[in-house]
$ cat upload-v4.cif   # mmCIF, C-alpha atoms
data_my_file
#
loop_
_atom_site.label_atom_id
_atom_site.label_comp_id
_atom_site.auth_asym_id
_atom_site.auth_seq_id
_atom_site.Cartn_x
_atom_site.Cartn_y
_atom_site.Cartn_z
CA MET A 1 29.98 11.30 -35.97
CA ARG A 2 27.47 9.97 -33.49
CA SER A 3 27.53 11.05 -29.86
CA SER A 4 27.84 8.59 -27.00
CA ASN A 5 24.91 10.39 -25.40
CA PRO A 6 21.66 8.89 -26.78
CA VAL A 7 19.89 12.22 -26.38
CA LEU A 8 22.41 14.00 -28.57
CA THR A 9 22.57 11.08 -30.98
CA ARG A 10 18.93 11.74 -31.82
CA LEU A 11 19.84 15.39 -32.28
CA ASP A 12 22.57 14.37 -34.72
CA GLU A 13 20.00 12.54 -36.84
CA THR A 14 17.73 15.58 -36.73
CA SER A 15 20.66 17.78 -37.74
CA ARG A 16 21.22 15.76 -40.90
CA VAL A 17 17.54 16.02 -41.84
CA GLN A 18 17.42 19.76 -41.16
CA ARG A 19 20.58 20.38 -43.16
CA ARG A 20 19.33 18.39 -46.11
CA VAL A 21 15.72 19.60 -46.21
CA LEU A 22 15.10 22.85 -44.34
CA GLY A 23 18.25 24.92 -44.42
CA ILE A 24 16.99 27.06 -41.52
CA GLY A 25 19.15 30.01 -40.46
CA GLY A 26 19.04 33.57 -39.21
CA ALA A 27 17.41 34.67 -36.01
CA GLU A 28 15.53 31.39 -35.55
CA ALA A 29 18.67 29.25 -35.63
CA MET A 30 20.10 27.70 -32.48
CA THR A 31 23.30 29.20 -31.05
CA VAL A 32 25.81 27.98 -28.52
CA ASP A 33 24.61 30.71 -26.14
CA ASP A 34 21.08 29.25 -26.35
CA VAL A 35 22.43 25.87 -25.24
CA VAL A 36 24.50 27.42 -22.42
CA VAL A 37 21.57 29.44 -21.05
CA ARG A 38 19.21 26.47 -21.04
CA THR A 39 21.83 24.14 -19.56
CA VAL A 40 22.52 26.57 -16.71
CA GLY A 41 18.78 26.98 -16.13
CA LEU A 42 18.22 23.22 -15.93
CA LEU A 43 21.18 22.81 -13.59
CA LEU A 44 19.88 25.54 -11.30
CA LEU A 45 16.44 23.94 -11.29
CA THR A 46 17.92 20.54 -10.48
CA GLY A 47 20.09 22.03 -7.73
CA VAL A 48 17.24 23.99 -6.11
CA THR A 49 15.00 20.91 -6.15
CA ALA A 50 17.79 18.80 -4.67
CA ALA A 51 18.35 21.34 -1.90
CA ALA A 52 14.62 21.44 -1.13
CA ALA A 53 14.40 17.62 -1.08
CA TRP A 54 17.47 17.49 1.19
CA VAL A 55 15.73 19.72 3.75
CA VAL A 56 12.06 18.79 3.39
CA VAL A 57 11.89 15.06 2.61
CA PRO A 58 12.07 13.13 5.92
CA GLN A 59 14.19 10.06 6.54
CA ALA A 60 11.36 7.54 6.74
CA VAL A 61 10.75 3.93 5.85
CA TRP A 62 9.00 4.89 2.62
CA VAL A 63 11.93 6.91 1.27
CA PRO A 64 13.67 3.93 -0.46
CA ALA A 65 10.45 3.08 -2.31
CA ALA A 66 9.97 6.73 -3.26
CA LEU A 67 13.55 6.91 -4.51
CA ALA A 68 13.10 3.77 -6.59
CA GLY A 69 9.93 5.17 -8.11
CA THR A 70 11.57 8.52 -8.82
CA ALA A 71 14.58 6.86 -10.42
CA LEU A 72 12.39 4.65 -12.61
CA ALA A 73 10.24 7.61 -13.66
CA GLY A 74 13.38 9.59 -14.48
CA VAL A 75 14.76 6.77 -16.63
CA VAL A 76 11.46 6.37 -18.51
CA LEU A 77 11.20 10.11 -19.08
CA ALA A 78 14.81 10.32 -20.31
CA VAL A 79 14.25 7.45 -22.76
CA VAL A 80 11.04 9.01 -24.10
CA ILE A 81 12.62 12.45 -24.53
CA SER A 82 15.72 11.10 -26.24
CA TRP A 83 13.96 8.54 -28.41
CA ARG A 84 11.32 10.96 -29.68
CA GLY A 85 13.68 13.91 -29.87
CA ILE A 86 11.33 16.05 -27.78
CA THR A 87 12.18 19.77 -27.75
CA ASN A 88 9.24 20.85 -25.59
CA PRO A 89 10.72 22.27 -22.37
CA VAL A 90 7.90 20.91 -20.17
CA PRO A 91 9.00 17.23 -20.03
CA ILE A 92 12.65 18.31 -19.92
CA VAL A 93 11.94 20.50 -16.89
CA GLY A 94 10.00 17.56 -15.40
CA TYR A 95 13.08 15.38 -15.75
CA ALA A 96 15.21 18.00 -13.99
CA LEU A 97 12.70 18.12 -11.11
CA LEU A 98 12.61 14.33 -10.73
CA GLN A 99 16.38 14.04 -10.78
CA GLY A 100 16.67 16.90 -8.30
CA LEU A 101 14.41 15.02 -5.89
CA LEU A 102 16.46 11.84 -6.30
CA LEU A 103 19.78 13.66 -5.99
CA GLY A 104 18.71 15.53 -2.87
CA VAL A 105 17.48 12.57 -0.86
CA ALA A 106 20.15 10.10 -1.97
CA SER A 107 22.98 12.61 -1.56
CA ARG A 108 21.86 13.35 1.99
CA ALA A 109 22.09 9.63 2.77
CA PHE A 110 25.71 9.62 1.55
CA GLU A 111 26.45 12.82 3.46
CA MET A 112 25.17 11.37 6.73
CA VAL A 113 27.64 8.50 6.46
CA TYR A 114 30.53 10.43 4.87
CA PRO A 115 30.43 14.13 5.84
CA GLY A 116 31.66 16.44 3.08
CA ILE A 117 31.34 13.87 0.31
CA VAL A 118 28.61 15.72 -1.60
CA VAL A 119 30.64 18.92 -1.94
CA GLN A 120 33.58 16.86 -3.13
CA ALA A 121 31.42 15.03 -5.69
CA VAL A 122 29.87 18.25 -7.01
CA ALA A 123 33.29 19.92 -7.27
CA GLY A 124 34.70 16.87 -9.00
CA THR A 125 31.82 16.70 -11.49
CA PHE A 126 32.06 20.32 -12.58
CA GLY A 127 35.84 20.19 -12.48
CA VAL A 128 35.85 17.30 -14.94
CA PHE A 129 33.23 19.00 -17.13
CA LEU A 130 35.15 22.29 -17.29
CA GLY A 131 38.40 20.45 -17.87
CA MET A 132 36.97 18.59 -20.84
CA ALA A 133 35.48 21.84 -22.18
CA LEU A 134 38.92 23.49 -22.04
CA LEU A 135 40.58 20.49 -23.70
CA TYR A 136 37.96 20.56 -26.45
CA ARG A 137 38.26 24.31 -26.97
CA ALA A 138 42.05 24.06 -27.22
CA ARG A 139 41.62 21.11 -29.62
CA LEU A 140 43.90 19.01 -27.45
CA VAL A 141 41.32 16.21 -27.54
CA ARG A 142 39.39 15.75 -30.75
CA ALA A 143 36.14 13.92 -31.43
CA THR A 144 37.55 11.32 -33.80
CA PRO A 145 35.67 8.26 -35.08
CA LEU A 146 37.99 6.03 -33.03
CA LEU A 147 37.25 7.97 -29.85
CA ALA A 148 33.53 7.78 -30.60
CA ARG A 149 33.64 4.00 -31.01
CA LEU A 150 35.65 3.52 -27.82
CA VAL A 151 33.42 5.76 -25.71
CA VAL A 152 30.15 4.41 -27.10
CA GLY A 153 31.25 0.80 -26.68
CA THR A 154 32.47 1.43 -23.13
CA LEU A 155 29.30 3.22 -22.04
CA LEU A 156 27.08 0.53 -23.53
CA GLY A 157 29.11 -2.07 -21.66
CA ILE A 158 28.79 -0.10 -18.41
CA VAL A 159 25.03 0.13 -18.78
CA ALA A 160 24.69 -3.59 -19.56
CA ILE A 161 26.93 -4.65 -16.66
CA SER A 162 25.11 -2.29 -14.30
CA LEU A 163 21.75 -3.79 -15.21
CA VAL A 164 23.03 -7.35 -14.72
CA ASN A 165 24.68 -6.35 -11.44
CA LEU A 166 21.44 -4.80 -10.19
CA VAL A 167 19.36 -7.86 -11.08
CA VAL A 168 21.85 -10.15 -9.31
CA TYR A 169 21.76 -7.90 -6.24
CA LEU A 170 17.96 -7.83 -6.13
CA VAL A 171 17.71 -11.61 -6.51
CA THR A 172 20.63 -12.83 -4.39
CA GLY A 173 21.70 -9.82 -2.33
CA ARG A 174 25.25 -10.17 -3.64
CA GLN A 175 27.08 -7.03 -4.79
CA GLY A 176 29.55 -7.15 -7.64
CA LEU A 177 31.03 -4.33 -9.71
CA GLU A 178 28.65 -1.75 -8.27
CA ILE A 179 28.21 -1.53 -4.49
CA TYR A 180 24.77 -0.40 -3.32
CA SER A 181 25.36 -0.39 0.43
CA LEU A 182 26.87 2.73 1.97
CA THR A 183 29.22 0.84 4.27
CA GLY A 184 31.34 -2.29 4.12
CA GLU A 185 34.43 -3.39 2.25
CA VAL A 186 34.89 -2.79 -1.46
CA ALA A 187 36.95 -5.11 -3.67
CA TRP A 188 39.29 -3.76 -6.36
CA PRO A 189 36.98 -4.64 -9.32
CA ALA A 190 34.42 -2.12 -8.01
CA TYR A 191 37.12 0.57 -7.90
CA ALA A 192 38.21 -0.25 -11.44
CA PHE A 193 34.62 -0.21 -12.71
CA SER A 194 34.01 3.24 -11.20
CA VAL A 195 37.22 4.67 -12.65
CA VAL A 196 36.39 3.35 -16.13
CA ALA A 197 32.86 4.79 -15.86
CA ILE A 198 34.22 8.21 -14.85
CA ILE A 199 36.74 8.25 -17.71
CA ALA A 200 34.08 7.22 -20.24
CA GLY A 201 31.64 9.80 -18.88
CA ALA A 202 34.29 12.52 -19.11
CA LEU A 203 35.27 11.65 -22.69
CA SER A 204 31.62 11.58 -23.74
CA PHE A 205 31.52 15.36 -23.23
CA ILE A 206 34.06 15.78 -26.04
CA LEU A 207 31.69 14.04 -28.43
CA ASP A 208 28.75 16.04 -27.12
CA PHE A 209 30.55 19.38 -27.49
CA ASP A 210 31.40 18.45 -31.06
CA LEU A 211 27.83 17.45 -31.83
CA VAL A 212 26.39 20.66 -30.39
CA GLU A 213 28.89 22.68 -32.41
CA ARG A 214 27.99 20.90 -35.63
CA SER A 215 24.28 21.23 -34.91
CA VAL A 216 24.73 24.98 -34.56
CA ARG A 217 26.55 25.06 -37.89
CA ALA A 218 23.64 23.12 -39.40
CA ALA A 219 21.33 25.98 -38.27
CA LEU A 220 18.84 23.85 -36.38
CA PRO A 221 15.82 25.73 -34.98
CA ARG A 222 16.31 27.35 -31.58
CA ARG A 223 13.99 24.89 -29.84
CA TYR A 224 16.62 22.16 -30.27
CA ALA A 225 18.78 23.99 -27.75
CA TRP A 226 16.50 22.43 -25.12
CA LEU A 227 17.40 18.95 -26.33
CA CYS A 228 21.10 19.82 -26.30
CA ALA A 229 20.85 21.16 -22.76
CA PHE A 230 18.97 18.05 -21.69
CA GLY A 231 21.70 15.84 -23.11
CA VAL A 232 24.41 17.69 -21.21
CA LEU A 233 22.33 17.47 -18.01
CA VAL A 234 22.02 13.69 -18.40
CA GLY A 235 25.79 13.42 -18.81
CA LEU A 236 26.49 15.56 -15.74
CA ILE A 237 24.12 13.56 -13.56
CA PHE A 238 25.72 10.29 -14.73
CA LEU A 239 29.17 11.63 -13.92
CA TYR A 240 28.07 12.90 -10.51
CA TRP A 241 26.77 9.49 -9.45
CA GLN A 242 29.96 7.78 -10.59
CA ILE A 243 32.20 10.23 -8.71
CA LEU A 244 29.99 10.07 -5.60
CA ARG A 245 30.17 6.27 -5.60
CA LEU A 246 33.96 6.23 -6.04
CA LEU A 247 34.44 8.76 -3.24
CA SER A 248 32.31 6.62 -0.93
CA TYR A 249 34.56 3.64 -1.74
CA LEU A 250 37.66 5.66 -0.89
CA ARG A 251 36.19 6.86 2.40
CA ARG A 252 35.50 3.36 3.73
#
$ encode --input "upload-v4.cif" --output "structure tokens"
Amino acid sequence: MRSSNPVLTRLDETSRVQRRVLGIGGAEAMTVDDVVVRTVGLLLLTGVTAAAAWVVVPQAVWVPAALAGTALAGVVLAVVISWRGITNPVPIVGYALLQGLLLGVASRAFEMVYPGIVVQAVAGTFGVFLGMALLYRARLVRATPLLARLVVGTLLGIVAISLVNLVVYLVTGRQGLEIYSLTGEVAWPAYAFSVVAIIAGALSFILDFDLVERSVRAALPRRYAWLCAFGVLVGLIFLYWQILRLLSYLRR
């Protein structure tokens, strides 16, 4: 089964190759604990960088341009890491630092308009993640082929619509299913789009948990734990932005 997360999809392909050709096991094999430790480390690094950016980076006219550049660099780095299946921790740590900078500055902008919203978004993100982990562990939600197709198709649609929406906004200034301003009225389609994105992001963790578990059973080398941790980080950041946006809609 393929994951909805492109990072972990590449890992799934690697897993099949490793299982067929190498048959690696023993002390050098990846474990779930390896993935957990690296995921926590990347999250801490992202959080510390975000906190530093929140305090240090000034609110100046160049901040929007800096944020745009940081976001673009983060997207490019994520695509390169996922496409090439990079397991070197250096670019993965670089991605965490870039996203921490973006999260810190952008989150402060939301917090200035809607006090308390960042804590709510963080709590919601980790609440959803832990909830999906418990559902997966209890086998109440299973990573079936039907679920995989639904989640993958939905996320691809969200990405495509988001890109079109952004281009329309940059060209005409009109906002559609995603609202980029921090104030103003929000129509019901934007609410619906955010809810669908949050549900799809939450369900994608079920597929990712399953893929990590199967990769461990395939005895991939320990270095692939970095790629797993990176994939989970990408999913958490996506979910955070969706929850933060929806909360800002509800506070208007």
$ resolve_selection --input "upload-v4.cif" --expression "the PyMOL selection byres ((chain A and resi 113) around 10)" --output "JSON, numbers by chain"
{"A": [108, 109, 110, 111, 112, 114, 115, 116, 117, 182, 183, 248, 251, 252]}
$ atom_distance --input "upload-v4.cif" --atom1 "CA of Leu103 in chain A" --atom2 "CA of Arg174 in chain A"
24.6 Å
$ resolve_selection --input "upload-v4.cif" --expression "the PyMOL selection byres ((chain A and resi 195-210) around 6)" --output "list in words"
Ser3, Ser4, Ala143, Val151, Ala192, Phe193, Ser194, Leu211, Val212, Glu213 and Leu239 of chain A
$ atom_distance --input "upload-v4.cif" --atom1 "CA of Thr31 in chain A" --atom2 "CA of Arg149 in chain A"
27.2 Å
$ closest_residue --input "upload-v4.cif" --among "A:Leu150, A:Val80, A:Val32, A:Val105" --to "Gly47 in chain A" --atoms "only C-alpha atoms"
A:Val105
$ residues_near_point --input "upload-v4.cif" --point "(25.7, 26.7, -25.1)" --cutoff "12 Å" --atoms "all atoms listed in the file" --output "compact mmCIF listing (two decimals) with C-alpha atoms, in the frame of the given file"
# COMPACT_ATOMS: atom_id res chain seq x y z
CA MET A 30 20.10 27.70 -32.48
CA THR A 31 23.30 29.20 -31.05
CA VAL A 32 25.81 27.98 -28.52
CA ASP A 33 24.61 30.71 -26.14
CA ASP A 34 21.08 29.25 -26.35
CA VAL A 35 22.43 25.87 -25.24
CA VAL A 36 24.50 27.42 -22.42
CA VAL A 37 21.57 29.44 -21.05
CA ARG A 38 19.21 26.47 -21.04
CA THR A 39 21.83 24.14 -19.56
CA VAL A 40 22.52 26.57 -16.71
CA GLY A 41 18.78 26.98 -16.13
CA ALA A 133 35.48 21.84 -22.18
CA ASP A 208 28.75 16.04 -27.12
CA PHE A 209 30.55 19.38 -27.49
CA ASP A 210 31.40 18.45 -31.06
CA LEU A 211 27.83 17.45 -31.83
CA VAL A 212 26.39 20.66 -30.39
CA GLU A 213 28.89 22.68 -32.41
CA SER A 215 24.28 21.23 -34.91
CA VAL A 216 24.73 24.98 -34.56
CA ARG A 222 16.31 27.35 -31.58
CA TYR A 224 16.62 22.16 -30.27
CA ALA A 225 18.78 23.99 -27.75
CA TRP A 226 16.50 22.43 -25.12
CA LEU A 227 17.40 18.95 -26.33
CA CYS A 228 21.10 19.82 -26.30
CA ALA A 229 20.85 21.16 -22.76
CA PHE A 230 18.97 18.05 -21.69
CA GLY A 231 21.70 15.84 -23.11
CA VAL A 232 24.41 17.69 -21.21
$ closest_residue --input "upload-v4.cif" --among "A:Ala218, A:Ala50, A:Val168, A:Met132" --to "Tyr180 in chain A" --atoms "all atoms listed in the file"
A:Val168
$ decode --input "upload-v4.cif" --residues "range 143-186 of chain A" --atoms "N, CA and C atoms" --output "PDB file, in the first residue's frame"
ATOM      1  N   ALA A 143      -5.426   0.707   7.559  1.00  0.00           N
ATOM      2  CA  ALA A 143      -4.901   1.269   6.311  1.00  0.00           C
ATOM      3  C   ALA A 143      -5.271   0.353   5.153  1.00  0.00           C
ATOM      4  N   THR A 144      -6.508   0.459   4.701  1.00  0.00           N
ATOM      5  CA  THR A 144      -6.987  -0.375   3.608  1.00  0.00           C
ATOM      6  C   THR A 144      -6.692   0.289   2.263  1.00  0.00           C
ATOM      7  N   PRO A 145      -6.705  -0.493   1.185  1.00  0.00           N
ATOM      8  CA  PRO A 145      -6.506   0.111  -0.150  1.00  0.00           C
ATOM      9  C   PRO A 145      -7.541   1.181  -0.471  1.00  0.00           C
ATOM     10  N   LEU A 146      -8.787   0.996  -0.036  1.00  0.00           N
ATOM     11  CA  LEU A 146      -9.825   1.999  -0.288  1.00  0.00           C
ATOM     12  C   LEU A 146      -9.506   3.295   0.440  1.00  0.00           C
ATOM     13  N   LEU A 147      -9.089   3.191   1.706  1.00  0.00           N
ATOM     14  CA  LEU A 147      -8.724   4.388   2.459  1.00  0.00           C
ATOM     15  C   LEU A 147      -7.553   5.095   1.798  1.00  0.00           C
ATOM     16  N   ALA A 148      -6.583   4.316   1.335  1.00  0.00           N
ATOM     17  CA  ALA A 148      -5.411   4.908   0.684  1.00  0.00           C
ATOM     18  C   ALA A 148      -5.819   5.690  -0.557  1.00  0.00           C
ATOM     19  N   ARG A 149      -6.702   5.120  -1.375  1.00  0.00           N
ATOM     20  CA  ARG A 149      -7.131   5.812  -2.592  1.00  0.00           C
ATOM     21  C   ARG A 149      -7.892   7.086  -2.261  1.00  0.00           C
ATOM     22  N   LEU A 150      -8.763   7.024  -1.269  1.00  0.00           N
ATOM     23  CA  LEU A 150      -9.537   8.202  -0.894  1.00  0.00           C
ATOM     24  C   LEU A 150      -8.641   9.326  -0.365  1.00  0.00           C
ATOM     25  N   VAL A 151      -7.715   8.964   0.509  1.00  0.00           N
ATOM     26  CA  VAL A 151      -6.850   9.979   1.111  1.00  0.00           C
ATOM     27  C   VAL A 151      -5.907  10.568   0.075  1.00  0.00           C
ATOM     28  N   VAL A 152      -5.291   9.710  -0.727  1.00  0.00           N
ATOM     29  CA  VAL A 152      -4.359  10.196  -1.752  1.00  0.00           C
ATOM     30  C   VAL A 152      -5.075  11.099  -2.744  1.00  0.00           C
ATOM     31  N   GLY A 153      -6.238  10.669  -3.215  1.00  0.00           N
ATOM     32  CA  GLY A 153      -6.988  11.481  -4.170  1.00  0.00           C
ATOM     33  C   GLY A 153      -7.405  12.821  -3.581  1.00  0.00           C
ATOM     34  N   THR A 154      -7.841  12.812  -2.326  1.00  0.00           N
ATOM     35  CA  THR A 154      -8.260  14.052  -1.673  1.00  0.00           C
ATOM     36  C   THR A 154      -7.091  15.009  -1.497  1.00  0.00           C
ATOM     37  N   LEU A 155      -5.952  14.501  -1.030  1.00  0.00           N
ATOM     38  CA  LEU A 155      -4.798  15.370  -0.815  1.00  0.00           C
ATOM     39  C   LEU A 155      -4.256  15.930  -2.124  1.00  0.00           C
ATOM     40  N   LEU A 156      -4.253  15.124  -3.175  1.00  0.00           N
ATOM     41  CA  LEU A 156      -3.825  15.634  -4.474  1.00  0.00           C
ATOM     42  C   LEU A 156      -4.763  16.742  -4.945  1.00  0.00           C
ATOM     43  N   GLY A 157      -6.055  16.541  -4.727  1.00  0.00           N
ATOM     44  CA  GLY A 157      -7.016  17.580  -5.095  1.00  0.00           C
ATOM     45  C   GLY A 157      -6.817  18.853  -4.294  1.00  0.00           C
ATOM     46  N   ILE A 158      -6.529  18.715  -3.002  1.00  0.00           N
ATOM     47  CA  ILE A 158      -6.289  19.882  -2.146  1.00  0.00           C
ATOM     48  C   ILE A 158      -5.082  20.663  -2.628  1.00  0.00           C
ATOM     49  N   VAL A 159      -4.010  19.950  -2.946  1.00  0.00           N
ATOM     50  CA  VAL A 159      -2.796  20.615  -3.429  1.00  0.00           C
ATOM     51  C   VAL A 159      -3.063  21.344  -4.741  1.00  0.00           C
ATOM     52  N   ALA A 160      -3.756  20.681  -5.672  1.00  0.00           N
ATOM     53  CA  ALA A 160      -4.046  21.302  -6.969  1.00  0.00           C
ATOM     54  C   ALA A 160      -4.928  22.537  -6.807  1.00  0.00           C
ATOM     55  N   ILE A 161      -5.984  22.421  -6.008  1.00  0.00           N
ATOM     56  CA  ILE A 161      -6.874  23.566  -5.798  1.00  0.00           C
ATOM     57  C   ILE A 161      -6.139  24.704  -5.110  1.00  0.00           C
ATOM     58  N   SER A 162      -5.283  24.374  -4.141  1.00  0.00           N
ATOM     59  CA  SER A 162      -4.526  25.408  -3.436  1.00  0.00           C
ATOM     60  C   SER A 162      -3.624  26.176  -4.384  1.00  0.00           C
ATOM     61  N   LEU A 163      -2.970  25.465  -5.296  1.00  0.00           N
ATOM     62  CA  LEU A 163      -2.094  26.134  -6.256  1.00  0.00           C
ATOM     63  C   LEU A 163      -2.886  27.060  -7.175  1.00  0.00           C
ATOM     64  N   VAL A 164      -4.026  26.571  -7.668  1.00  0.00           N
ATOM     65  CA  VAL A 164      -4.869  27.402  -8.534  1.00  0.00           C
ATOM     66  C   VAL A 164      -5.381  28.609  -7.764  1.00  0.00           C
ATOM     67  N   ASN A 165      -5.800  28.390  -6.533  1.00  0.00           N
ATOM     68  CA  ASN A 165      -6.317  29.471  -5.699  1.00  0.00           C
ATOM     69  C   ASN A 165      -5.251  30.534  -5.462  1.00  0.00           C
ATOM     70  N   LEU A 166      -4.016  30.089  -5.239  1.00  0.00           N
ATOM     71  CA  LEU A 166      -2.920  31.029  -4.994  1.00  0.00           C
ATOM     72  C   LEU A 166      -2.611  31.849  -6.235  1.00  0.00           C
ATOM     73  N   VAL A 167      -2.593  31.206  -7.403  1.00  0.00           N
ATOM     74  CA  VAL A 167      -2.315  31.921  -8.648  1.00  0.00           C
ATOM     75  C   VAL A 167      -3.398  32.970  -8.905  1.00  0.00           C
ATOM     76  N   VAL A 168      -4.660  32.585  -8.702  1.00  0.00           N
ATOM     77  CA  VAL A 168      -5.765  33.532  -8.901  1.00  0.00           C
ATOM     78  C   VAL A 168      -5.630  34.713  -7.946  1.00  0.00           C
ATOM     79  N   TYR A 169      -5.250  34.439  -6.705  1.00  0.00           N
ATOM     80  CA  TYR A 169      -5.095  35.512  -5.718  1.00  0.00           C
ATOM     81  C   TYR A 169      -3.962  36.458  -6.104  1.00  0.00           C
ATOM     82  N   LEU A 170      -2.838  35.899  -6.554  1.00  0.00           N
ATOM     83  CA  LEU A 170      -1.701  36.742  -6.930  1.00  0.00           C
ATOM     84  C   LEU A 170      -1.999  37.594  -8.161  1.00  0.00           C
ATOM     85  N   VAL A 171      -2.814  37.062  -9.081  1.00  0.00           N
ATOM     86  CA  VAL A 171      -3.106  37.774 -10.322  1.00  0.00           C
ATOM     87  C   VAL A 171      -4.244  38.772 -10.142  1.00  0.00           C
ATOM     88  N   THR A 172      -5.311  38.366  -9.460  1.00  0.00           N
ATOM     89  CA  THR A 172      -6.515  39.199  -9.380  1.00  0.00           C
ATOM     90  C   THR A 172      -6.769  39.785  -7.998  1.00  0.00           C
ATOM     91  N   GLY A 173      -6.137  39.217  -6.973  1.00  0.00           N
ATOM     92  CA  GLY A 173      -6.401  39.671  -5.613  1.00  0.00           C
ATOM     93  C   GLY A 173      -7.637  39.052  -4.996  1.00  0.00           C
ATOM     94  N   ARG A 174      -8.328  38.191  -5.736  1.00  0.00           N
ATOM     95  CA  ARG A 174      -9.535  37.551  -5.235  1.00  0.00           C
ATOM     96  C   ARG A 174      -9.166  36.284  -4.459  1.00  0.00           C
ATOM     97  N   GLN A 175      -9.874  36.062  -3.343  1.00  0.00           N
ATOM     98  CA  GLN A 175      -9.624  34.891  -2.507  1.00  0.00           C
ATOM     99  C   GLN A 175     -10.790  33.930  -2.638  1.00  0.00           C
ATOM    100  N   GLY A 176     -10.465  32.654  -2.788  1.00  0.00           N
ATOM    101  CA  GLY A 176     -11.494  31.651  -2.997  1.00  0.00           C
ATOM    102  C   GLY A 176     -11.613  30.678  -1.840  1.00  0.00           C
ATOM    103  N   LEU A 177     -11.139  29.443  -2.063  1.00  0.00           N
ATOM    104  CA  LEU A 177     -11.280  28.396  -1.055  1.00  0.00           C
ATOM    105  C   LEU A 177     -10.256  28.515   0.063  1.00  0.00           C
ATOM    106  N   GLU A 178      -9.187  29.232  -0.165  1.00  0.00           N
ATOM    107  CA  GLU A 178      -8.219  29.516   0.886  1.00  0.00           C
ATOM    108  C   GLU A 178      -8.114  31.029   1.054  1.00  0.00           C
ATOM    109  N   ILE A 179      -8.235  31.494   2.288  1.00  0.00           N
ATOM    110  CA  ILE A 179      -8.220  32.924   2.575  1.00  0.00           C
ATOM    111  C   ILE A 179      -6.843  33.293   3.108  1.00  0.00           C
ATOM    112  N   TYR A 180      -6.197  34.255   2.461  1.00  0.00           N
ATOM    113  CA  TYR A 180      -4.827  34.621   2.829  1.00  0.00           C
ATOM    114  C   TYR A 180      -4.769  35.829   3.751  1.00  0.00           C
ATOM    115  N   SER A 181      -5.811  36.639   3.768  1.00  0.00           N
ATOM    116  CA  SER A 181      -5.839  37.770   4.692  1.00  0.00           C
ATOM    117  C   SER A 181      -6.192  37.264   6.084  1.00  0.00           C
ATOM    118  N   LEU A 182      -5.754  38.021   7.092  1.00  0.00           N
ATOM    119  CA  LEU A 182      -6.000  37.611   8.474  1.00  0.00           C
ATOM    120  C   LEU A 182      -7.297  38.170   9.038  1.00  0.00           C
ATOM    121  N   THR A 183      -7.957  39.027   8.291  1.00  0.00           N
ATOM    122  CA  THR A 183      -9.225  39.597   8.733  1.00  0.00           C
ATOM    123  C   THR A 183     -10.214  39.554   7.574  1.00  0.00           C
ATOM    124  N   GLY A 184     -11.450  39.872   7.860  1.00  0.00           N
ATOM    125  CA  GLY A 184     -12.463  39.895   6.811  1.00  0.00           C
ATOM    126  C   GLY A 184     -13.365  38.681   6.880  1.00  0.00           C
ATOM    127  N   GLU A 185     -14.458  38.746   6.155  1.00  0.00           N
ATOM    128  CA  GLU A 185     -15.446  37.677   6.164  1.00  0.00           C
ATOM    129  C   GLU A 185     -14.945  36.448   5.410  1.00  0.00           C
ATOM    130  N   VAL A 186     -15.466  35.309   5.812  1.00  0.00           N
ATOM    131  CA  VAL A 186     -15.113  34.036   5.187  1.00  0.00           C
ATOM    132  C   VAL A 186     -16.400  33.337   4.771  1.00  0.00           C
TER     133      VAL A 186
END
